[in-house]
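Notes follow the structure.
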Amino acid sequence: MKLFVDSGNLEDIAGLVPLGIVDGVTTNPSLLAKAGGDPRAILKAICDTVKGPVSAEVVATDVHGMIREGRELAGIDEHIVVKVPFGKPGVQACGTLAGEGLRVNVTLVFSATQALLAAKAGATFVSPFVGRLDDIATPGMELISQIVDIYENYEFGTEVLVASVRGPVHIVEAGRLGADVCTCPPAVIEALFKHPLTDIGLAKFLSDWEEAQAAKV
Ligand code: E4P
């Protein structure tokens, strides 16, 4: 399963890349607004740092605007994946941009039928938002299970990108269901490294070693 960082913060992303576990990045207008600065320059710097797929979202809401903006975003760097919100304009723009050889991530997906339409439009990635479904008492991971089943039945090439991830349990469940990608906020990736028994075990190894060395003196 690929791991993407869900962030527009270059410093956070650059801190994770050397670990060798980051396959790509997803941004959205909220994340880039939070980062401040020039969004195009930030996207370019993220691409140079990650050298993997970097989703950049259009803010136009009509088909022609989405297509025009998608082409502009794709011109920033070869690693850019154009992100379009689900809906009739998004699905139509996805078909056009994919037909031109651009990679498209269809975002704000909350149902299996939306995911089916995104795949039919030639999306490279589909982004179901599990955390936001959980927030309204609807099991987000159940949607991932449905989409994985449907895509397998018809051998769609679209990758299931689990988005709106809130914690490690979402990642474990995504892996068990065979999702292709999880995009996670930096804090969630940090949490994947932590286990109290690892810390206790390491402290014991080191104290036993030091004790043995002191006994030799
Ligand atoms: C994914 O591409 C989205 O940017 C993101 O996962 C949304 O997450 P949120 O629900 O925490 O805002």
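Residues are referred to by chain and number: the chain letter is A, B, ... according to the order shown in the structure tokens, the number counts from 1 in that chain, and ligands are numbered separately from 1 in the order shown.
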Neighbours of ligand 1 at 8 Å or closer, counting only C-alpha atoms and all ligand atoms: which residues, as an mmCIF file with all heavy atoms, in the first residue's frame?
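Wrote out-v5.cif, looks like this:
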data_model
loop_
_atom_site.group_PDB
_atom_site.id
_atom_site.type_symbol
_atom_site.label_atom_id
_atom_site.label_comp_id
_atom_site.auth_asym_id
_atom_site.auth_seq_id
_atom_site.Cartn_x
_atom_site.Cartn_y
_atom_site.Cartn_z
ATOM 1 N N ASP A 6 -0.783 13.944 3.424
ATOM 2 C CA ASP A 6 -1.908 14.838 3.151
ATOM 3 C C ASP A 6 -1.585 16.187 3.774
ATOM 4 O O ASP A 6 -1.910 16.447 4.938
ATOM 5 C CB ASP A 6 -3.170 14.227 3.785
ATOM 6 C CG ASP A 6 -4.454 14.841 3.266
ATOM 7 O OD1 ASP A 6 -4.451 15.380 2.148
ATOM 8 O OD2 ASP A 6 -5.471 14.760 3.984
ATOM 9 N N SER A 7 -0.901 17.031 3.014
ATOM 10 C CA SER A 7 -0.406 18.288 3.605
ATOM 11 C C SER A 7 0.039 19.255 2.517
ATOM 12 O O SER A 7 0.430 18.842 1.423
ATOM 13 C CB SER A 7 0.792 17.971 4.520
ATOM 14 O OG SER A 7 1.372 19.155 5.012
ATOM 15 N N THR A 26 -0.863 14.565 -1.189
ATOM 16 C CA THR A 26 -2.136 15.153 -1.629
ATOM 17 C C THR A 26 -2.273 16.523 -0.976
ATOM 18 O O THR A 26 -1.932 16.694 0.198
ATOM 19 C CB THR A 26 -3.357 14.279 -1.242
ATOM 20 O OG1 THR A 26 -3.278 13.958 0.147
ATOM 21 C CG2 THR A 26 -3.417 13.007 -2.058
ATOM 22 N N THR A 27 -2.746 17.484 -1.765
ATOM 23 C CA THR A 27 -3.075 18.800 -1.212
ATOM 24 C C THR A 27 -4.540 19.062 -1.553
ATOM 25 O O THR A 27 -5.140 18.338 -2.350
ATOM 26 C CB THR A 27 -2.201 19.917 -1.818
ATOM 27 O OG1 THR A 27 -2.548 20.082 -3.199
ATOM 28 C CG2 THR A 27 -0.719 19.603 -1.702
ATOM 29 N N ASN A 28 -5.081 20.083 -0.942
ATOM 30 C CA ASN A 28 -6.406 20.567 -1.336
ATOM 31 C C ASN A 28 -6.401 22.078 -1.077
ATOM 32 O O ASN A 28 -5.451 22.604 -0.472
ATOM 33 C CB ASN A 28 -7.533 19.813 -0.587
ATOM 34 C CG ASN A 28 -7.485 19.997 0.915
ATOM 35 O OD1 ASN A 28 -7.180 21.077 1.401
ATOM 36 N ND2 ASN A 28 -7.806 18.953 1.654
ATOM 37 N N SER A 30 -7.889 23.939 1.035
ATOM 38 C CA SER A 30 -7.796 24.290 2.459
ATOM 39 C C SER A 30 -6.362 24.142 2.950
ATOM 40 O O SER A 30 -5.845 25.007 3.674
ATOM 41 C CB SER A 30 -8.705 23.383 3.300
ATOM 42 O OG SER A 30 -10.023 23.433 2.842
ATOM 43 N N LEU A 31 -5.707 23.046 2.569
ATOM 44 C CA LEU A 31 -4.336 22.798 3.037
ATOM 45 C C LEU A 31 -3.364 23.834 2.472
ATOM 46 O O LEU A 31 -2.465 24.304 3.173
ATOM 47 C CB LEU A 31 -3.884 21.382 2.639
ATOM 48 C CG LEU A 31 -4.588 20.229 3.362
ATOM 49 C CD1 LEU A 31 -4.238 18.878 2.711
ATOM 50 C CD2 LEU A 31 -4.215 20.204 4.841
ATOM 51 N N SER A 55 -1.013 15.604 -5.746
ATOM 52 C CA SER A 55 -2.336 16.054 -6.181
ATOM 53 C C SER A 55 -2.513 17.541 -5.931
ATOM 54 O O SER A 55 -2.265 18.027 -4.817
ATOM 55 C CB SER A 55 -3.436 15.285 -5.442
ATOM 56 O OG SER A 55 -3.494 13.951 -5.883
ATOM 57 N N THR A 107 -11.932 13.710 -6.246
ATOM 58 C CA THR A 107 -11.992 13.855 -4.785
ATOM 59 C C THR A 107 -13.412 14.128 -4.293
ATOM 60 O O THR A 107 -14.337 14.253 -5.099
ATOM 61 C CB THR A 107 -11.012 14.981 -4.351
ATOM 62 O OG1 THR A 107 -10.890 14.974 -2.925
ATOM 63 C CG2 THR A 107 -11.493 16.362 -4.802
ATOM 64 N N LEU A 108 -13.558 14.197 -2.977
ATOM 65 C CA LEU A 108 -14.869 14.411 -2.345
ATOM 66 C C LEU A 108 -15.861 13.320 -2.741
ATOM 67 O O LEU A 108 -17.010 13.585 -3.080
ATOM 68 C CB LEU A 108 -15.410 15.804 -2.690
ATOM 69 C CG LEU A 108 -14.694 16.971 -2.001
ATOM 70 C CD1 LEU A 108 -15.166 18.316 -2.564
ATOM 71 C CD2 LEU A 108 -14.902 16.944 -0.485
ATOM 72 N N SER A 127 -10.722 9.400 -4.489
ATOM 73 C CA SER A 127 -10.486 9.721 -3.072
ATOM 74 C C SER A 127 -11.764 9.689 -2.249
ATOM 75 O O SER A 127 -12.470 10.704 -2.120
ATOM 76 C CB SER A 127 -9.844 11.113 -2.947
ATOM 77 O OG SER A 127 -8.544 11.119 -3.468
ATOM 78 N N PHE A 129 -13.584 9.835 1.278
ATOM 79 C CA PHE A 129 -13.216 10.513 2.545
ATOM 80 C C PHE A 129 -13.767 9.726 3.732
ATOM 81 O O PHE A 129 -14.927 9.912 4.128
ATOM 82 C CB PHE A 129 -13.805 11.930 2.562
ATOM 83 C CG PHE A 129 -13.009 12.961 1.799
ATOM 84 C CD1 PHE A 129 -12.303 12.636 0.655
ATOM 85 C CD2 PHE A 129 -12.981 14.284 2.230
ATOM 86 C CE1 PHE A 129 -11.566 13.588 -0.052
ATOM 87 C CE2 PHE A 129 -12.250 15.250 1.545
ATOM 88 C CZ PHE A 129 -11.542 14.904 0.403
ATOM 89 N N VAL A 130 -12.959 8.882 4.328
ATOM 90 C CA VAL A 130 -13.476 8.008 5.390
ATOM 91 C C VAL A 130 -13.767 8.753 6.706
ATOM 92 O O VAL A 130 -14.773 8.490 7.359
ATOM 93 C CB VAL A 130 -12.535 6.803 5.637
ATOM 94 C CG1 VAL A 130 -12.499 5.904 4.412
ATOM 95 C CG2 VAL A 130 -11.128 7.229 6.025
ATOM 96 N N GLY A 131 -12.883 9.663 7.080
ATOM 97 C CA GLY A 131 -13.065 10.368 8.366
ATOM 98 C C GLY A 131 -14.330 11.199 8.385
ATOM 99 O O GLY A 131 -15.053 11.233 9.383
ATOM 100 N N ARG A 132 -14.597 11.872 7.267
ATOM 101 C CA ARG A 132 -15.795 12.735 7.238
ATOM 102 C C ARG A 132 -17.078 11.899 7.263
ATOM 103 O O ARG A 132 -18.113 12.369 7.734
ATOM 104 C CB ARG A 132 -15.762 13.650 6.010
ATOM 105 C CG ARG A 132 -14.637 14.667 6.087
ATOM 106 C CD ARG A 132 -14.765 15.759 5.066
ATOM 107 N NE ARG A 132 -13.499 16.475 4.916
ATOM 108 C CZ ARG A 132 -13.330 17.548 4.174
ATOM 109 N NH1 ARG A 132 -14.343 18.057 3.493
ATOM 110 N NH2 ARG A 132 -12.144 18.121 4.076
ATOM 111 N N VAL A 162 -7.409 6.195 -0.027
ATOM 112 C CA VAL A 162 -8.188 6.452 1.196
ATOM 113 C C VAL A 162 -7.808 7.828 1.745
ATOM 114 O O VAL A 162 -6.645 8.078 2.065
ATOM 115 C CB VAL A 162 -7.925 5.351 2.247
ATOM 116 C CG1 VAL A 162 -8.735 5.613 3.513
ATOM 117 C CG2 VAL A 162 -8.255 3.974 1.669
ATOM 118 N N ALA A 163 -8.796 8.714 1.810
ATOM 119 C CA ALA A 163 -8.550 10.096 2.230
ATOM 120 C C ALA A 163 -9.338 10.409 3.495
ATOM 121 O O ALA A 163 -10.182 9.624 3.925
ATOM 122 C CB ALA A 163 -8.939 11.057 1.107
ATOM 123 N N SER A 164 -9.034 11.578 4.078
ATOM 124 C CA SER A 164 -9.654 11.987 5.334
ATOM 125 C C SER A 164 -9.362 10.961 6.434
ATOM 126 O O SER A 164 -10.232 10.588 7.211
ATOM 127 C CB SER A 164 -11.170 12.176 5.128
ATOM 128 O OG SER A 164 -11.783 12.767 6.235
ATOM 129 N N VAL A 165 -8.108 10.536 6.445
ATOM 130 C CA VAL A 165 -7.642 9.557 7.434
ATOM 131 C C VAL A 165 -7.414 10.281 8.758
ATOM 132 O O VAL A 165 -6.809 11.340 8.795
ATOM 133 C CB VAL A 165 -6.331 8.897 6.917
ATOM 134 C CG1 VAL A 165 -5.587 8.197 8.035
ATOM 135 C CG2 VAL A 165 -6.644 7.944 5.772
ATOM 136 N N ARG A 166 -7.906 9.662 9.841
ATOM 137 C CA ARG A 166 -7.821 10.332 11.145
ATOM 138 C C ARG A 166 -6.873 9.641 12.120
ATOM 139 O O ARG A 166 -6.544 10.205 13.158
ATOM 140 C CB ARG A 166 -9.208 10.410 11.771
ATOM 141 C CG ARG A 166 -10.197 11.210 10.942
ATOM 142 C CD ARG A 166 -9.956 12.711 11.082
ATOM 143 N NE ARG A 166 -10.582 13.457 9.982
ATOM 144 C CZ ARG A 166 -11.860 13.767 9.907
ATOM 145 N NH1 ARG A 166 -12.667 13.405 10.864
ATOM 146 N NH2 ARG A 166 -12.326 14.448 8.873
ATOM 147 N N THR A 183 -3.711 8.404 2.209
ATOM 148 C CA THR A 183 -3.083 9.712 2.379
ATOM 149 C C THR A 183 -3.332 10.176 3.801
ATOM 150 O O THR A 183 -4.477 10.169 4.277
ATOM 151 C CB THR A 183 -3.544 10.738 1.323
ATOM 152 O OG1 THR A 183 -2.699 11.891 1.446
ATOM 153 C CG2 THR A 183 -5.007 11.134 1.437
ATOM 154 N N CYS A 184 -2.265 10.529 4.497
ATOM 155 C CA CYS A 184 -2.363 10.762 5.939
ATOM 156 C C CYS A 184 -1.747 12.098 6.334
ATOM 157 O O CYS A 184 -0.667 12.446 5.847
ATOM 158 C CB CYS A 184 -1.583 9.693 6.696
ATOM 159 S SG CYS A 184 -1.900 8.028 6.127
ATOM 160 N N PRO A 185 -2.372 12.804 7.267
ATOM 161 C CA PRO A 185 -1.733 14.001 7.823
ATOM 162 C C PRO A 185 -0.399 13.602 8.465
ATOM 163 O O PRO A 185 -0.276 12.475 8.966
ATOM 164 C CB PRO A 185 -2.731 14.476 8.881
ATOM 165 C CG PRO A 185 -4.025 13.802 8.560
ATOM 166 C CD PRO A 185 -3.674 12.518 7.887
#
Skip A:Thr49 itself and residues of its chain fewer than 5 positions away, then list as an mmCIF file with C-alpha atoms, in the first residue's frame all residues within 9 Å of it, counting only C-alpha atoms.
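Written output follows (result19.cif):
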data_model
loop_
_atom_site.group_PDB
_atom_site.id
_atom_site.type_symbol
_atom_site.label_atom_id
_atom_site.label_comp_id
_atom_site.auth_asym_id
_atom_site.auth_seq_id
_atom_site.Cartn_x
_atom_site.Cartn_y
_atom_site.Cartn_z
ATOM 1 C CA LEU A 10 6.685 21.751 2.755
ATOM 2 C CA ILE A 13 6.732 16.840 4.015
ATOM 3 C CA ALA A 14 10.500 17.366 3.729
ATOM 4 C CA VAL A 17 10.685 12.098 2.832
ATOM 5 C CA LYS A 44 6.607 22.888 -7.391
#
Tell me which protein, DNA and RNA residues are within 9 Å of A:Lys120, counting only C-alpha atoms, leaving out same-chain ones fewer than 4 positions away, and put them as a PyMOL selection string.
chain A and resi 91+95+115-116+156+158
Requested write-out: N, CA and C atoms of the selected residues, as a tab-separated table (two decimals), in the first residue's frame:
chain	number	residue	atom	x	y	z
A	91	VAL	N	-16.52	15.01	-13.33
A	91	VAL	CA	-16.45	13.75	-14.09
A	91	VAL	C	-16.15	14.04	-15.56
A	95	GLY	N	-12.66	13.06	-17.67
A	95	GLY	CA	-12.61	12.33	-18.94
A	95	GLY	C	-11.74	13.05	-19.97
A	115	ALA	N	-17.76	6.57	-6.97
A	115	ALA	CA	-16.46	5.96	-7.29
A	115	ALA	C	-16.52	5.21	-8.62
A	116	LEU	N	-17.66	4.58	-8.89
A	116	LEU	CA	-17.84	3.86	-10.16
A	116	LEU	C	-17.77	4.85	-11.33
A	156	PHE	N	-11.00	-2.23	-13.12
A	156	PHE	CA	-10.73	-0.81	-13.39
A	156	PHE	C	-9.29	-0.52	-12.97
A	158	THR	N	-8.29	2.36	-11.92
A	158	THR	CA	-8.32	3.46	-10.93
A	158	THR	C	-7.85	2.96	-9.56
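All residues of stretch 37-187 of chain A that DSSP, run on the backbone, classes as strand (DSSP E) are A:Val54, A:Ser55, A:Ala56, A:Glu57, A:Ile80, A:Val81, A:Val82, A:Lys83, A:Val84, A:Pro85, A:Val104, A:Asn105, A:Val106, A:Thr107, A:Leu108, A:Val109, A:Phe125, A:Val126, A:Ser127, A:Pro128, A:Glu159, A:Val160, A:Leu161, A:Val162, A:Val181, A:Cys182, A:Thr183, A:Cys184.
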Across A:Val104, A:Ala214, A:Val160, A:Ala41, the smallest distance to A:Pro85, with only C-alpha atoms counted, is shown by A:Val104
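These are the residues of stretch 153-185 of chain A assigned helix (DSSP H, G or I) by DSSP from backbone coordinates: Asn153, Tyr154, Pro168, Val169, His170, Ile171, Val172, Glu173, Ala174, Gly175, Arg176 and Leu177 of chain A.
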As a PyMOL selection string, please: the residues near A:Thr113 (cut-off 12 Å, only C-alpha atoms, same-chain neighbours under 2 positions excluded).
chain A and resi 86-87+109-111+115-120+126+128+143-144+146-147+150-151
Just the selected residues (all heavy atoms), exported as a short mmCIF file (atom, residue, chain, number, x, y, z; two decimals), in the first residue's frame, please.
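And here's part.cif as it stands now:
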data_model
loop_
_atom_site.label_atom_id
_atom_site.label_comp_id
_atom_site.auth_asym_id
_atom_site.auth_seq_id
_atom_site.Cartn_x
_atom_site.Cartn_y
_atom_site.Cartn_z
N PHE A 86 -15.75 15.67 -7.18
CA PHE A 86 -16.78 14.86 -7.83
C PHE A 86 -18.00 15.72 -8.16
O PHE A 86 -18.33 16.65 -7.43
CB PHE A 86 -17.22 13.69 -6.94
CG PHE A 86 -18.20 12.82 -7.65
CD1 PHE A 86 -17.77 11.84 -8.51
CD2 PHE A 86 -19.57 13.06 -7.54
CE1 PHE A 86 -18.68 11.08 -9.24
CE2 PHE A 86 -20.49 12.32 -8.27
CZ PHE A 86 -20.04 11.32 -9.12
N GLY A 87 -18.65 15.35 -9.26
CA GLY A 87 -19.86 16.04 -9.72
C GLY A 87 -19.86 15.93 -11.24
O GLY A 87 -18.90 15.42 -11.83
N VAL A 109 -15.36 12.07 -2.69
CA VAL A 109 -16.20 10.92 -3.03
C VAL A 109 -16.74 10.30 -1.73
O VAL A 109 -15.97 10.02 -0.80
CB VAL A 109 -15.37 9.90 -3.85
CG1 VAL A 109 -16.03 8.53 -3.89
CG2 VAL A 109 -15.18 10.45 -5.27
N PHE A 110 -18.05 10.14 -1.69
CA PHE A 110 -18.71 9.64 -0.47
C PHE A 110 -19.63 8.45 -0.73
O PHE A 110 -20.35 8.02 0.17
CB PHE A 110 -19.49 10.77 0.21
CG PHE A 110 -18.59 11.84 0.77
CD1 PHE A 110 -18.28 12.97 0.03
CD2 PHE A 110 -18.02 11.70 2.02
CE1 PHE A 110 -17.44 13.95 0.53
CE2 PHE A 110 -17.16 12.67 2.54
CZ PHE A 110 -16.86 13.80 1.79
N SER A 111 -19.65 7.94 -1.98
CA SER A 111 -20.49 6.77 -2.25
C SER A 111 -19.82 5.88 -3.29
O SER A 111 -18.98 6.34 -4.07
CB SER A 111 -21.89 7.18 -2.74
OG SER A 111 -21.82 7.59 -4.11
N ALA A 115 -17.76 6.57 -6.97
CA ALA A 115 -16.46 5.96 -7.29
C ALA A 115 -16.52 5.21 -8.62
O ALA A 115 -15.56 5.21 -9.40
CB ALA A 115 -16.03 5.02 -6.18
N LEU A 116 -17.66 4.58 -8.89
CA LEU A 116 -17.84 3.86 -10.16
C LEU A 116 -17.77 4.85 -11.33
O LEU A 116 -17.09 4.60 -12.33
CB LEU A 116 -19.19 3.13 -10.15
CG LEU A 116 -19.60 2.41 -11.43
CD1 LEU A 116 -18.66 1.26 -11.74
CD2 LEU A 116 -21.03 1.89 -11.32
N LEU A 117 -18.45 5.99 -11.18
CA LEU A 117 -18.44 6.99 -12.26
C LEU A 117 -17.04 7.57 -12.47
O LEU A 117 -16.63 7.80 -13.60
CB LEU A 117 -19.45 8.10 -11.94
CG LEU A 117 -20.91 7.66 -11.87
CD1 LEU A 117 -21.81 8.82 -11.48
CD2 LEU A 117 -21.37 7.06 -13.20
N ALA A 118 -16.32 7.78 -11.38
CA ALA A 118 -14.95 8.32 -11.50
C ALA A 118 -14.06 7.34 -12.27
O ALA A 118 -13.27 7.74 -13.13
CB ALA A 118 -14.36 8.58 -10.11
N ALA A 119 -14.22 6.06 -11.99
CA ALA A 119 -13.42 5.05 -12.69
C ALA A 119 -13.79 5.02 -14.17
O ALA A 119 -12.91 4.94 -15.05
CB ALA A 119 -13.64 3.68 -12.06
N LYS A 120 -15.08 5.11 -14.47
CA LYS A 120 -15.52 5.11 -15.87
C LYS A 120 -14.98 6.32 -16.63
O LYS A 120 -14.77 6.27 -17.83
CB LYS A 120 -17.06 5.06 -15.96
CG LYS A 120 -17.63 3.69 -15.60
CD LYS A 120 -19.14 3.67 -15.67
CE LYS A 120 -19.66 3.72 -17.10
NZ LYS A 120 -19.32 2.53 -17.89
N VAL A 126 -9.15 7.63 -7.06
CA VAL A 126 -10.43 8.09 -6.52
C VAL A 126 -10.22 8.29 -5.02
O VAL A 126 -9.55 7.47 -4.39
CB VAL A 126 -11.57 7.09 -6.81
CG1 VAL A 126 -11.38 5.78 -6.06
CG2 VAL A 126 -12.93 7.69 -6.45
N PRO A 128 -12.10 8.52 -1.66
CA PRO A 128 -13.21 8.47 -0.70
C PRO A 128 -12.74 9.01 0.65
O PRO A 128 -11.65 8.67 1.11
CB PRO A 128 -13.53 6.97 -0.60
CG PRO A 128 -12.55 6.27 -1.50
CD PRO A 128 -11.48 7.21 -1.89
N LEU A 143 -17.28 1.91 2.96
CA LEU A 143 -17.25 2.45 1.60
C LEU A 143 -16.00 1.97 0.86
O LEU A 143 -16.07 1.61 -0.31
CB LEU A 143 -17.29 3.99 1.64
CG LEU A 143 -17.11 4.70 0.30
CD1 LEU A 143 -18.19 4.29 -0.70
CD2 LEU A 143 -17.09 6.21 0.49
N ILE A 144 -14.87 1.94 1.55
CA ILE A 144 -13.63 1.46 0.91
C ILE A 144 -13.81 0.01 0.47
O ILE A 144 -13.44 -0.38 -0.65
CB ILE A 144 -12.42 1.57 1.89
CG1 ILE A 144 -12.24 3.01 2.36
CG2 ILE A 144 -11.15 1.04 1.23
CD1 ILE A 144 -12.04 4.04 1.27
N GLN A 146 -16.56 -1.53 -0.33
CA GLN A 146 -17.45 -1.59 -1.51
C GLN A 146 -16.70 -1.20 -2.78
O GLN A 146 -16.83 -1.85 -3.83
CB GLN A 146 -18.63 -0.63 -1.32
CG GLN A 146 -19.62 -1.06 -0.26
CD GLN A 146 -20.70 0.01 0.00
OE1 GLN A 146 -20.66 1.10 -0.56
NE2 GLN A 146 -21.65 -0.33 0.84
N ILE A 147 -15.91 -0.13 -2.70
CA ILE A 147 -15.21 0.35 -3.90
C ILE A 147 -14.16 -0.67 -4.36
O ILE A 147 -14.06 -0.97 -5.56
CB ILE A 147 -14.56 1.73 -3.65
CG1 ILE A 147 -15.62 2.79 -3.31
CG2 ILE A 147 -13.75 2.19 -4.86
CD1 ILE A 147 -15.07 4.13 -2.83
N ILE A 150 -15.95 -3.49 -6.16
CA ILE A 150 -16.46 -3.11 -7.48
C ILE A 150 -15.30 -2.98 -8.49
O ILE A 150 -15.38 -3.49 -9.61
CB ILE A 150 -17.25 -1.78 -7.39
CG1 ILE A 150 -18.57 -2.01 -6.62
CG2 ILE A 150 -17.56 -1.22 -8.79
CD1 ILE A 150 -19.30 -0.74 -6.23
N TYR A 151 -14.23 -2.33 -8.07
CA TYR A 151 -13.10 -2.14 -8.99
C TYR A 151 -12.48 -3.50 -9.37
O TYR A 151 -12.05 -3.69 -10.51
CB TYR A 151 -12.03 -1.23 -8.36
CG TYR A 151 -12.37 0.26 -8.40
CD1 TYR A 151 -13.62 0.72 -8.77
CD2 TYR A 151 -11.41 1.19 -8.05
CE1 TYR A 151 -13.92 2.08 -8.78
CE2 TYR A 151 -11.69 2.57 -8.08
CZ TYR A 151 -12.95 3.00 -8.44
OH TYR A 151 -13.24 4.34 -8.47
#
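Atom CA of A:Ala74 is positioned 16.5 Å from atom CA of A:Leu32.
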What does the distance between atom CA of A:Thr138 and atom CA of A:Arg176 come to in Å, to one decimal place?
19.2 Å
